[in-house]
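K.L.:
As input, take input.txt (compact mmCIF, C-alpha atoms and all ligand atoms):
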```
# COMPACT_ATOMS: atom_id res chain seq x y z
CA MET D 191 272.41 91.95 264.18
CA GLN D 192 271.19 88.38 264.48
CA VAL D 193 267.61 89.54 264.31
CA LEU D 194 268.37 91.53 261.20
CA GLU D 195 270.17 88.70 259.48
CA SER D 196 267.29 86.23 259.65
CA LEU D 197 264.69 88.92 258.97
CA LEU D 198 265.00 89.07 255.21
CA ASP D 199 264.81 85.27 254.78
CA ASN D 200 261.71 85.07 256.95
CA PHE D 201 260.14 87.92 255.06
CA LYS D 202 260.81 86.27 251.68
CA THR D 203 259.29 82.96 252.80
CA GLU D 204 256.14 84.69 253.97
CA LEU D 205 256.01 86.89 250.85
CA ASN D 206 255.96 83.82 248.62
CA SER D 207 252.66 82.62 250.00
CA ILE D 208 250.88 86.00 249.76
CA GLN D 209 248.02 86.15 247.25
CA LYS D 210 245.95 89.14 248.29
CA ILE D 211 246.76 92.84 248.34
CA ALA D 212 245.39 93.20 251.87
CA ASP D 213 247.67 90.39 253.12
CA LEU D 214 250.63 92.02 251.44
CA LEU D 215 249.94 95.30 253.24
CA ASN D 216 249.69 93.44 256.56
CA LEU D 217 252.96 91.67 255.92
CA LYS D 218 254.63 94.95 255.09
CA SER D 219 253.55 96.54 258.35
CA LYS D 220 254.44 93.37 260.30
CA TYR D 221 258.07 93.70 259.16
CA ILE D 222 258.72 97.39 258.68
CA GLY D 223 255.80 98.95 260.57
CA LYS D 224 256.07 100.80 263.89
CA GLN D 225 255.68 97.61 265.98
CA GLY D 226 257.89 95.47 263.73
CA PRO D 227 261.32 93.93 264.42
CA LEU D 228 263.12 96.64 262.47
CA ALA D 229 261.57 99.34 264.60
CA ASP D 230 262.54 97.31 267.70
CA VAL D 231 266.18 97.20 266.63
CA MET D 232 266.16 100.95 266.04
CA LYS D 233 264.63 101.51 269.48
CA ASN D 234 267.39 99.50 271.20
CA ILE D 235 270.20 100.98 269.15
CA LYS D 236 270.91 103.56 271.85
CA ASP D 237 272.57 100.84 273.99
CA ALA D 238 275.09 99.99 271.26
CA THR D 239 278.63 101.35 270.77
CA PRO D 240 279.09 104.09 268.10
CA GLU D 241 280.72 101.55 265.79
CA GLU D 242 277.82 99.11 266.23
CA LYS D 243 275.34 101.91 265.79
CA ARG D 244 276.77 102.70 262.38
CA THR D 245 276.71 99.11 261.06
CA LEU D 246 273.34 98.35 262.60
CA GLY D 247 271.87 101.59 261.29
CA SER D 248 273.02 101.09 257.75
CA LYS D 249 272.07 97.39 257.75
CA ALA D 250 268.59 98.25 259.03
CA ASN D 251 268.19 100.93 256.39
CA GLU D 252 269.32 98.63 253.62
CA LEU D 253 266.88 95.96 254.82
CA LYS D 254 264.02 98.41 254.91
CA ASN D 255 264.73 99.49 251.32
CA THR D 256 264.99 95.88 250.12
CA ILE D 257 261.69 94.96 251.79
CA GLU D 258 259.98 98.03 250.35
CA ALA D 259 261.22 97.18 246.85
CA LEU D 260 260.03 93.57 247.19
CA VAL D 261 256.62 94.76 248.40
CA SER D 262 256.27 97.16 245.44
CA ALA D 263 257.18 94.45 242.95
CA LYS D 264 254.71 92.03 244.53
CA MET D 265 252.06 94.75 244.61
CA LEU D 266 252.43 95.32 240.88
CA GLU D 267 252.19 91.59 240.27
CA LEU D 268 249.00 91.28 242.37
CA GLU D 269 247.40 94.35 240.78
CA THR D 270 248.11 93.08 237.27
CA GLU D 271 246.67 89.73 238.24
CA GLU D 272 243.56 91.45 239.61
CA ILE D 273 243.07 93.41 236.36
CA ASN D 274 243.55 90.28 234.26
CA GLN D 275 241.01 88.40 236.35
CA SER D 276 238.44 91.15 236.00
CA LEU D 277 239.04 91.37 232.24
CA LEU D 278 238.47 87.64 231.99
CA LYS D 279 235.26 87.87 234.00
CA ASN D 280 233.84 90.87 232.14
CA LYS D 281 235.07 90.12 228.68
CA VAL D 282 233.01 91.25 225.72
CA ASP D 283 232.63 88.81 222.89
CA PHE D 284 232.50 91.01 219.78
CA SER D 285 231.92 88.02 217.52
CA LEU D 286 228.49 87.70 219.15
CA THR D 287 227.12 90.69 217.18
CA ASP D 288 226.56 88.55 214.11
CA THR D 289 224.88 85.81 216.13
CA VAL D 290 222.56 88.34 217.72
CA LEU D 291 221.69 89.85 214.35
CA ASP D 292 221.05 86.38 212.90
CA LYS D 293 218.43 85.90 215.58
CA GLY D 294 216.61 88.97 214.35
CA LEU D 295 217.66 91.20 217.25
CA GLN D 296 218.69 94.76 216.47
CA ALA D 297 222.12 96.18 217.15
CA ALA D 298 222.05 99.46 219.06
CA GLY D 299 223.38 102.66 217.54
CA LEU D 300 224.23 106.19 218.54
CA HIS D 301 221.89 109.11 217.93
CA PRO D 302 223.19 111.35 215.12
CA VAL D 303 223.49 114.27 217.56
CA THR D 304 225.71 112.13 219.79
CA ILE D 305 227.79 111.10 216.79
CA ILE D 306 228.42 114.72 215.77
CA GLN D 307 228.95 115.83 219.36
CA GLN D 308 231.65 113.20 219.96
CA GLU D 309 233.31 114.04 216.67
CA ILE D 310 233.45 117.75 217.51
CA GLU D 311 234.71 117.04 221.02
CA ASP D 312 237.56 115.03 219.49
CA ILE D 313 238.43 117.87 217.10
CA PHE D 314 238.58 120.35 219.98
CA ILE D 315 240.52 117.98 222.22
CA SER D 316 243.10 117.70 219.45
CA MET D 317 243.36 121.51 219.51
CA GLY D 318 244.04 121.55 223.25
CA PHE D 319 240.51 122.23 224.56
CA GLU D 320 238.98 120.62 227.66
CA VAL D 321 235.44 119.21 227.49
CA LEU D 322 233.18 120.43 230.34
CA ASP D 323 229.70 119.50 231.45
CA GLY D 324 227.06 121.59 233.23
CA PRO D 325 223.61 121.13 234.79
CA HIS D 326 220.36 121.41 232.80
CA ILE D 327 218.60 123.08 235.73
CA GLU D 328 220.19 126.45 236.37
CA ASP D 329 219.58 129.69 238.25
CA GLU D 330 219.24 133.25 236.97
CA PHE D 331 222.83 134.06 237.84
CA HIS D 332 224.41 131.44 235.59
CA ASN D 333 221.91 131.72 232.74
CA PHE D 334 221.55 135.52 232.68
CA GLU D 335 223.23 137.78 235.22
CA ALA D 336 226.80 136.53 234.93
CA LEU D 337 226.38 136.77 231.16
CA ASN D 338 225.69 140.49 231.30
CA ILE D 339 221.92 140.07 231.02
CA PRO D 340 220.44 141.91 234.06
CA ALA D 341 216.79 141.42 235.04
CA THR D 342 215.60 144.51 233.18
CA HIS D 343 217.54 143.72 230.02
CA PRO D 344 215.33 143.21 226.94
CA ALA D 345 217.61 140.37 225.86
CA ARG D 346 215.91 138.14 228.47
CA ASP D 347 212.91 138.14 226.18
CA MET D 348 215.05 136.93 223.29
CA GLN D 349 215.06 133.52 224.88
CA ASP D 350 211.75 132.09 225.93
CA THR D 351 212.57 130.47 229.19
CA PHE D 352 211.02 127.48 230.91
CA TRP D 353 210.83 128.64 234.54
CA PHE D 354 210.28 126.43 237.56
CA ALA D 355 207.40 127.29 239.90
CA ASP D 356 209.81 128.84 242.44
CA LYS D 357 210.61 131.51 239.77
CA LYS D 358 214.26 131.14 240.72
CA HIS D 359 215.25 128.08 238.73
CA LEU D 360 214.99 127.46 235.01
CA LEU D 361 215.96 125.02 232.28
CA ARG D 362 219.10 126.50 230.76
CA THR D 363 218.32 128.33 227.54
CA HIS D 364 221.89 128.08 226.27
CA THR D 365 225.17 126.34 227.08
CA SER D 366 226.76 129.73 227.88
CA THR D 367 226.06 128.76 231.51
CA ILE D 368 229.05 126.45 231.11
CA GLN D 369 231.24 129.50 230.34
CA VAL D 370 230.37 130.96 233.74
CA ARG D 371 231.11 127.74 235.61
CA GLY D 372 234.26 127.05 233.57
CA MET D 373 235.72 130.52 234.19
CA LYS D 374 235.14 130.37 237.93
CA GLU D 375 236.95 127.05 238.22
CA ARG D 376 240.13 127.93 236.31
CA LYS D 377 242.80 130.56 235.86
CA PRO D 378 243.76 131.91 232.42
CA PRO D 379 245.01 130.86 229.97
CA PHE D 380 242.41 128.16 229.29
CA ARG D 381 240.20 126.87 226.51
CA PHE D 382 237.25 124.54 226.78
CA VAL D 383 234.07 123.41 225.06
CA GLY D 384 230.81 122.49 226.79
CA PRO D 385 228.21 120.48 224.85
CA GLY D 386 224.67 119.74 225.96
CA LYS D 387 220.90 120.05 225.71
CA VAL D 388 219.24 123.45 225.93
CA PHE D 389 215.55 124.30 226.33
CA ARG D 390 213.34 127.06 224.98
CA CYS D 391 209.63 127.55 225.12
CA GLU D 392 209.21 128.08 221.38
CA ARG D 393 206.81 127.24 218.64
CA THR D 394 208.27 124.33 216.68
CA ASP D 395 208.79 124.21 212.93
CA ALA D 396 211.20 122.60 210.44
CA SER D 397 214.15 124.37 212.05
CA HIS D 398 213.02 125.00 215.65
CA GLU D 399 212.59 122.58 218.53
CA MET D 400 211.96 123.17 222.24
CA VAL D 401 214.85 120.90 223.16
CA PHE D 402 217.97 121.21 221.08
CA HIS D 403 221.74 120.95 221.42
CA GLN D 404 224.56 123.42 221.59
CA LEU D 405 228.28 123.23 222.03
CA GLU D 406 229.73 126.21 223.82
CA GLY D 407 233.34 127.16 223.32
CA MET D 408 235.56 129.57 225.19
CA MET D 409 239.19 130.57 225.06
CA VAL D 410 240.66 133.09 227.52
CA GLY D 411 244.21 134.35 227.72
CA GLU D 412 246.43 137.39 227.36
CA ASN D 413 246.19 138.21 223.67
CA VAL D 414 243.24 136.31 222.28
CA SER D 415 241.94 137.91 219.06
CA VAL D 416 239.16 137.67 216.48
CA GLY D 417 241.85 136.06 214.29
CA ASN D 418 242.13 133.17 216.77
CA LEU D 419 238.35 132.80 216.76
CA ILE D 420 238.17 132.63 212.96
CA TYR D 421 241.06 130.17 212.83
CA PHE D 422 239.41 127.71 215.23
CA MET D 423 236.00 128.01 213.57
CA LYS D 424 237.40 127.43 210.06
CA THR D 425 239.46 124.44 211.20
CA LEU D 426 236.40 123.00 212.91
CA LEU D 427 234.06 123.38 209.93
CA THR D 428 236.59 122.00 207.45
CA GLU D 429 237.07 118.94 209.68
CA ILE D 430 233.34 118.38 210.13
CA PHE D 431 232.28 118.73 206.52
CA LYS D 432 235.50 117.24 205.12
CA LYS D 433 235.59 120.06 202.59
CA GLU D 434 235.99 123.82 202.46
CA VAL D 435 232.65 125.35 203.36
CA GLU D 436 231.69 128.87 202.40
CA VAL D 437 231.24 131.09 205.44
CA ARG D 438 230.24 134.66 206.05
CA LEU D 439 230.45 136.84 209.17
CA ARG D 440 227.75 139.32 210.05
CA PRO D 441 227.57 141.56 213.10
CA GLY D 442 225.37 139.90 215.71
CA PHE D 443 224.13 141.07 219.10
CA PHE D 444 224.56 139.03 222.27
CA PRO D 445 224.95 140.85 225.58
CA PHE D 446 227.87 138.61 226.59
CA VAL D 447 230.12 139.36 223.60
CA GLU D 448 231.49 142.60 222.19
CA PRO D 449 231.92 142.66 219.26
CA GLY D 450 229.47 139.85 218.48
CA PHE D 451 229.12 137.99 215.19
CA GLU D 452 226.89 135.56 213.38
CA LEU D 453 228.83 133.05 211.33
CA ASP D 454 226.74 131.63 208.48
CA ILE D 455 227.57 128.79 206.13
CA LYS D 456 226.24 128.30 202.66
CA CYS D 457 223.35 125.83 202.86
CA LEU D 458 224.63 122.34 202.14
CA ILE D 459 221.13 121.01 201.48
CA CYS D 460 220.30 123.23 198.52
CA GLY D 461 223.75 124.63 197.73
CA GLY D 462 222.49 128.17 198.20
CA LYS D 463 219.43 128.02 195.97
CA GLY D 464 217.01 128.16 198.89
CA CYS D 465 215.04 125.49 200.79
CA SER D 466 213.03 125.07 203.99
CA VAL D 467 216.15 124.58 206.12
CA CYS D 468 217.77 127.85 205.04
CA LYS D 469 214.39 129.56 204.95
CA HIS D 470 214.97 130.15 201.24
CA VAL D 471 217.92 132.49 201.73
CA GLY D 472 220.69 130.05 200.79
CA TRP D 473 222.63 130.60 204.02
CA VAL D 474 222.25 128.91 207.39
CA GLU D 475 222.96 130.69 210.61
CA LEU D 476 225.34 128.29 212.24
CA LEU D 477 227.46 129.91 214.82
CA PRO D 478 226.99 132.97 216.97
CA CYS D 479 230.28 134.08 218.45
CA GLY D 480 232.33 137.07 219.59
CA MET D 481 234.85 138.50 221.99
CA VAL D 482 233.89 137.93 225.63
CA HIS D 483 232.39 141.06 227.24
CA PRO D 484 234.52 142.48 230.12
CA ASN D 485 231.53 142.21 232.49
CA VAL D 486 231.34 138.49 231.77
CA LEU D 487 235.04 138.02 232.51
CA LYS D 488 234.58 139.94 235.77
CA ALA D 489 231.62 137.77 236.78
CA GLY D 490 233.83 134.75 236.14
CA GLY D 491 236.55 136.11 238.43
CA ILE D 492 238.89 137.15 235.60
CA ASP D 493 240.61 140.53 235.30
CA PRO D 494 239.52 142.03 231.93
CA GLU D 495 242.52 144.40 232.03
CA LYS D 496 244.88 141.45 231.79
CA ASN D 497 242.91 138.89 229.81
CA ASN D 498 240.42 138.68 227.00
CA GLY D 499 238.82 135.86 225.10
CA PHE D 500 236.42 134.59 222.52
CA ALA D 501 233.27 132.50 222.90
CA PHE D 502 230.95 130.73 220.52
CA GLY D 503 227.78 128.68 220.68
CA LEU D 504 227.50 126.03 218.01
CA GLY D 505 224.06 124.60 217.24
CA LEU D 506 224.53 120.84 216.88
CA ASP D 507 221.12 119.99 215.45
CA ARG D 508 221.58 122.18 212.38
CA LEU D 509 224.96 120.57 211.77
CA VAL D 510 223.42 117.11 211.92
CA MET D 511 220.76 118.22 209.44
CA MET D 512 223.36 119.63 207.05
CA ARG D 513 225.58 116.55 207.33
CA TYR D 514 222.84 113.95 206.76
CA GLY D 515 220.52 115.98 204.56
CA ILE D 516 217.64 116.04 207.10
CA ASP D 517 215.07 118.68 206.23
CA ASP D 518 213.09 118.81 209.49
CA ILE D 519 214.59 119.14 212.97
CA ARG D 520 211.56 117.41 214.51
CA HIS D 521 212.78 114.05 213.16
CA LEU D 522 215.61 114.18 215.68
CA HIS D 523 213.34 113.78 218.70
CA SER D 524 210.57 111.84 217.00
CA GLY D 525 211.72 108.57 218.52
CA ASP D 526 210.85 106.96 215.20
CA LEU D 527 213.01 103.84 214.87
CA ARG D 528 212.89 104.04 211.09
CA PHE D 529 214.70 107.35 211.46
CA ASN D 530 217.07 106.37 214.28
CA SER D 531 218.17 103.09 212.75
CA GLN D 532 219.71 104.87 209.77
CA PHE D 533 222.62 106.02 211.89
CA LYS D 534 223.89 102.68 213.22
CA THR D 535 227.55 102.87 213.92
CA PHE D 536 228.12 99.17 214.62
N1 LIG D 601 224.37 131.62 224.01
C1 LIG D 601 224.01 132.14 222.73
C2 LIG D 601 222.64 131.60 222.34
O1 LIG D 601 222.34 130.47 222.59
C3 LIG D 601 225.01 131.79 221.68
C4 LIG D 601 226.35 132.43 221.83
C5 LIG D 601 227.35 131.77 222.53
C6 LIG D 601 226.63 133.66 221.26
C7 LIG D 601 228.59 132.36 222.65
C8 LIG D 601 227.85 134.24 221.36
C9 LIG D 601 228.83 133.59 222.06
O2 LIG D 601 221.86 132.29 221.80
```
What's the structure tokens form of this structure?
P.N.:
Amino acid sequence: MQVLESLLDNFKTELNSIQKIADLLNLKSKYIGKQGPLADVMKNIKDATPEEKRTLGSKANELKNTIEALVSAKMLELETEEINQSLLKNKVDFSLTDTVLDKGLQAAGLHPVTIIQQEIEDIFISMGFEVLDGPHIEDEFHNFEALNIPATHPARDMQDTFWFADKKHLLRTHTSTIQVRGMKERKPPFRFVGPGKVFRCERTDASHEMVFHQLEGMMVGENVSVGNLIYFMKTLLTEIFKKEVEVRLRPGFFPFVEPGFELDIKCLICGGKGCSVCKHVGWVELLPCGMVHPNVLKAGGIDPEKNNGFAFGLGLDRLVMMRYGIDDIRHLHSGDLRFNSQFKTF
């Protein structure tokens, strides 16, 4: 009992001088660890009378709880202190921007594709979607097979693929690869988007580039319908363009969706009259989408009898062009600072 009585005072004195998290942890184990005085008392308790056992036991317990609480409080204090110190050390002086600009240095900015991508991610996050990432270098399984495109399927020719010399690896031709990875890693219901660069060996023109950007979307659950798909697409487009945009749905073929659609929007550059962006038809193909094919669900480890879903692949470059009135996609990767510096966000 004597040991116990002086224990707390000694502990408090030592605690007061502690300044590092590591020292605190050592102190904690010194007092309430396996070799500590409390453990000693508990080891010797068998020699005590039942009455003594009870008082000693409860006193020891109470002490242990008090010490633990004091350690936690001190830990919080030290951690907060650590964070404050690091904030002080790494602080950013925002007022410097003006000074830097005065000296003729340029402020950095985000690429317009990044701006749009982050905006769309935020819209989807607000609608309960996760944001996933995936590798640029893929294999046949993730880019084709799991998406219901077997080796002999003519649809493989639809996408001109950059193959690696080993003939096994490729640069992903679409972000649908992220669907495959996303499905395998989760159980329904789920919804996610996956943005990123995609690569196709194509002739370039005002609306085609070899490297461009897509944002894949997928929602899987028990009663997902075309109605859900249309709802999310309309909400998205209204948010992006800050106005009602005219859309039309046409049947579209993609091996990984059934039924598949092409969602077009009325060209925002020419208002439907016809220009180089809309190839003089007044409408821009914006968003292929559809209901996920049962074979694709199966490849992703999902039972198509119980679940279904929708998927879409949004082309980000076209959206950027519509938003900022850019009439040639090749500007986006030109690296021309006169172009890039128009999108400064700071
Ligand atoms: N992956 C398709 C493409 O890039 C787009 C798509 C995604 C179509 C999802 C339907 C559903 O061509």
K.L.:
Under the rule that only C-alpha atoms and all ligand atoms are counted, which of D:Val437, D:Ala501, D:Ile368, D:Cys468 is the nearest residue to ligand LIG 601 (chain D)?
P.N.:
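Among D:Val437, D:Ala501, D:Ile368, D:Cys468, it is D:Ala501 that comes nearest to ligand LIG 601 (chain D).
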K.L.:
Which residues of chain D sit at most 7 Å from ligand LIG 601 (chain D), using all atoms listed in the file? Give each one's shortest atom pair and distance in Å (one decimal place), in chain and ascending residue order, as CSV.
P.N.:
```
residue,atom,partner,partner_atom,distance
D:Thr363,CA,D:LIG601,O1,6.7
D:His364,CA,D:LIG601,O1,4.4
D:Thr365,CA,D:LIG601,N1,6.2
D:Ser366,CA,D:LIG601,N1,4.9
D:Glu406,CA,D:LIG601,C5,6.2
D:Phe444,CA,D:LIG601,C6,5.8
D:Phe446,CA,D:LIG601,C8,6.8
D:Val447,CA,D:LIG601,C8,6.0
D:Gly450,CA,D:LIG601,C8,6.5
D:Pro478,CA,D:LIG601,C6,4.4
D:Cys479,CA,D:LIG601,C8,3.8
D:Gly480,CA,D:LIG601,C9,5.5
D:Ala501,CA,D:LIG601,C9,4.6
D:Phe502,CA,D:LIG601,C7,3.6
D:Gly503,CA,D:LIG601,C5,3.6
```
K.L.:
Could you give me, as a tab-separated table, every range 384-478 of chain D residue with an atom at most 7 Å from range 304-323 of chain D, plus its closest atom pair and distance in Å to one decimal, counting all atoms listed in the file, rows ordered by chain then number?
P.N.:
```
residue	atom	partner	partner_atom	distance
D:Gly384	CA	D:Leu322	CA	4.7
D:Pro385	CA	D:Asp323	CA	6.8
D:Leu426	CA	D:Ile313	CA	6.9
```
K.L.:
Please measure the separation of CA of Val486 in chain D and CA of Leu337 in chain D, giving the value in Å to one decimal.
P.N.:
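Here the two named atoms are 5.3 Å from each other.
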K.L.:
Which neighbours of range 222-226 of chain D fall inside 12 Å, counting only C-alpha atoms, when residues of the same chain fewer than 2 positions from it are skipped, and could you give them as a list in words?
P.N.:
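Result of the neighbour search: Val193, Leu194, Leu197, Leu198, Phe201, Leu215, Asn216, Leu217, Lys218, Ser219, Lys220, Leu228, Ala229, Asp230, Val231, Met232, Lys233, Ala250, Asn251, Glu252, Leu253, Lys254, Asn255, Thr256, Ile257, Glu258 and Val261 of chain D.
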K.L.:
Nearest to Phe354 in chain D: which of D:Glu328, D:Phe334, D:Thr367, D:Val414 is it, counting all atoms listed in the file?
P.N.:
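Result for the nearest residue to Phe354 in chain D: D:Glu328.
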K.L.:
D:Pro379, D:Gly461, D:Gly417, D:Pro227: which is nearest Glu436 in chain D, counting all atoms listed in the file?
P.N.:
D:Gly461
K.L.:
Please identify all polymer residues within 8 Å of Glu448 in chain D, counting only C-alpha atoms, omitting same-chain residues fewer than 6 positions from it, and present them as a list in words.
P.N.:
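My list of contacting residues is Gly480, Met481, Val482 and His483 of chain D.
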K.L.:
Take CA of Asn497 in chain D and CA of Val410 in chain D and report the distance between them in Å, one decimal.
P.N.:
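Spanning CA of Asn497 in chain D to CA of Val410 in chain D is a straight-line distance of 6.6 Å.
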K.L.:
Smallest atom-to-atom distance to Val467 in chain D: which of D:Lys387, D:His326, D:Lys424, D:Arg508, using all atoms listed in the file?
P.N.:
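Of D:Lys387, D:His326, D:Lys424, D:Arg508, the one nearest Val467 in chain D, counting all atoms listed in the file, is D:Arg508.
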K.L.:
Take CA of Arg376 in chain D and CA of His332 in chain D and report the distance between them in Å, one decimal.
P.N.:
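Answer for the CA of Arg376 in chain D to CA of His332 in chain D separation: 16.1 Å.
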K.L.:
Taking all atoms listed in the file into account, which of D:Ala298, D:Met191, D:Asn274, D:Val388 comes nearest Leu527 in chain D?
P.N.:
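Selected residue with least distance to Leu527 in chain D: D:Ala298.
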K.L.:
Quick one: everything within 9 Å of Leu477 in chain D, counting only C-alpha atoms, minus sequence neighbours fewer than 6 positions away in the same chain. Send it as a tab-separated table (two decimals) with C-alpha atoms, in the coordinates of the input.
P.N.:
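See around.tsv below for the written result:
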```
chain	number	residue	atom	x	y	z
D	423	MET	CA	236.00	128.01	213.57
D	451	PHE	CA	229.12	137.99	215.19
D	452	GLU	CA	226.89	135.56	213.38
D	453	LEU	CA	228.83	133.05	211.33
D	454	ASP	CA	226.74	131.63	208.48
D	455	ILE	CA	227.57	128.79	206.13
D	502	PHE	CA	230.95	130.73	220.52
D	503	GLY	CA	227.78	128.68	220.68
D	504	LEU	CA	227.50	126.03	218.01
D	505	GLY	CA	224.06	124.60	217.24
```
K.L.:
Given 8 Å of margin on each side, can you work out the centre and size in Å (one decimal) of an axis-aligned box holding every listed atom of range 487-503 of chain D, as AutoDock Vina command-line options?
P.N.:
```
--center_x 236.3 --center_y 136.5 --center_z 229.5 --size_x 33.1 --size_y 31.7 --size_z 33.9
```
K.L.:
Any idea what's packed within 9 Å of Pro378 in chain D, counting only C-alpha atoms, ignoring anything in its chain fewer than 2 positions away? Could you give it as a list of chain:residue names?
P.N.:
D:Met373, D:Arg376, D:Phe380, D:Arg381, D:Met409, D:Val410, D:Gly411, D:Glu412, D:Ile492, D:Asn497
K.L.:
So, counting all atoms listed in the file, which residue among D:Ile208, D:Leu278, D:Val471, D:Leu439 is closest to Ile420 in chain D?
P.N.:
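Answer, going by the shortest atom-to-atom distance: D:Leu439.
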K.L.:
Excluding same-chain residues fewer than 6 positions from Asp213 in chain D, what lies within 12 Å of it counting all atoms listed in the file, as a short mmCIF file (atom, residue, chain, number, x, y, z; two decimals) with C-alpha atoms, in the frame of the given file?
P.N.:
```
data_model
loop_
_atom_site.label_atom_id
_atom_site.label_comp_id
_atom_site.auth_asym_id
_atom_site.auth_seq_id
_atom_site.Cartn_x
_atom_site.Cartn_y
_atom_site.Cartn_z
CA GLU D 204 256.14 84.69 253.97
CA LEU D 205 256.01 86.89 250.85
CA ASN D 206 255.96 83.82 248.62
CA SER D 207 252.66 82.62 250.00
CA SER D 219 253.55 96.54 258.35
CA LYS D 220 254.44 93.37 260.30
CA VAL D 261 256.62 94.76 248.40
CA LYS D 264 254.71 92.03 244.53
CA MET D 265 252.06 94.75 244.61
CA LEU D 268 249.00 91.28 242.37
#
```
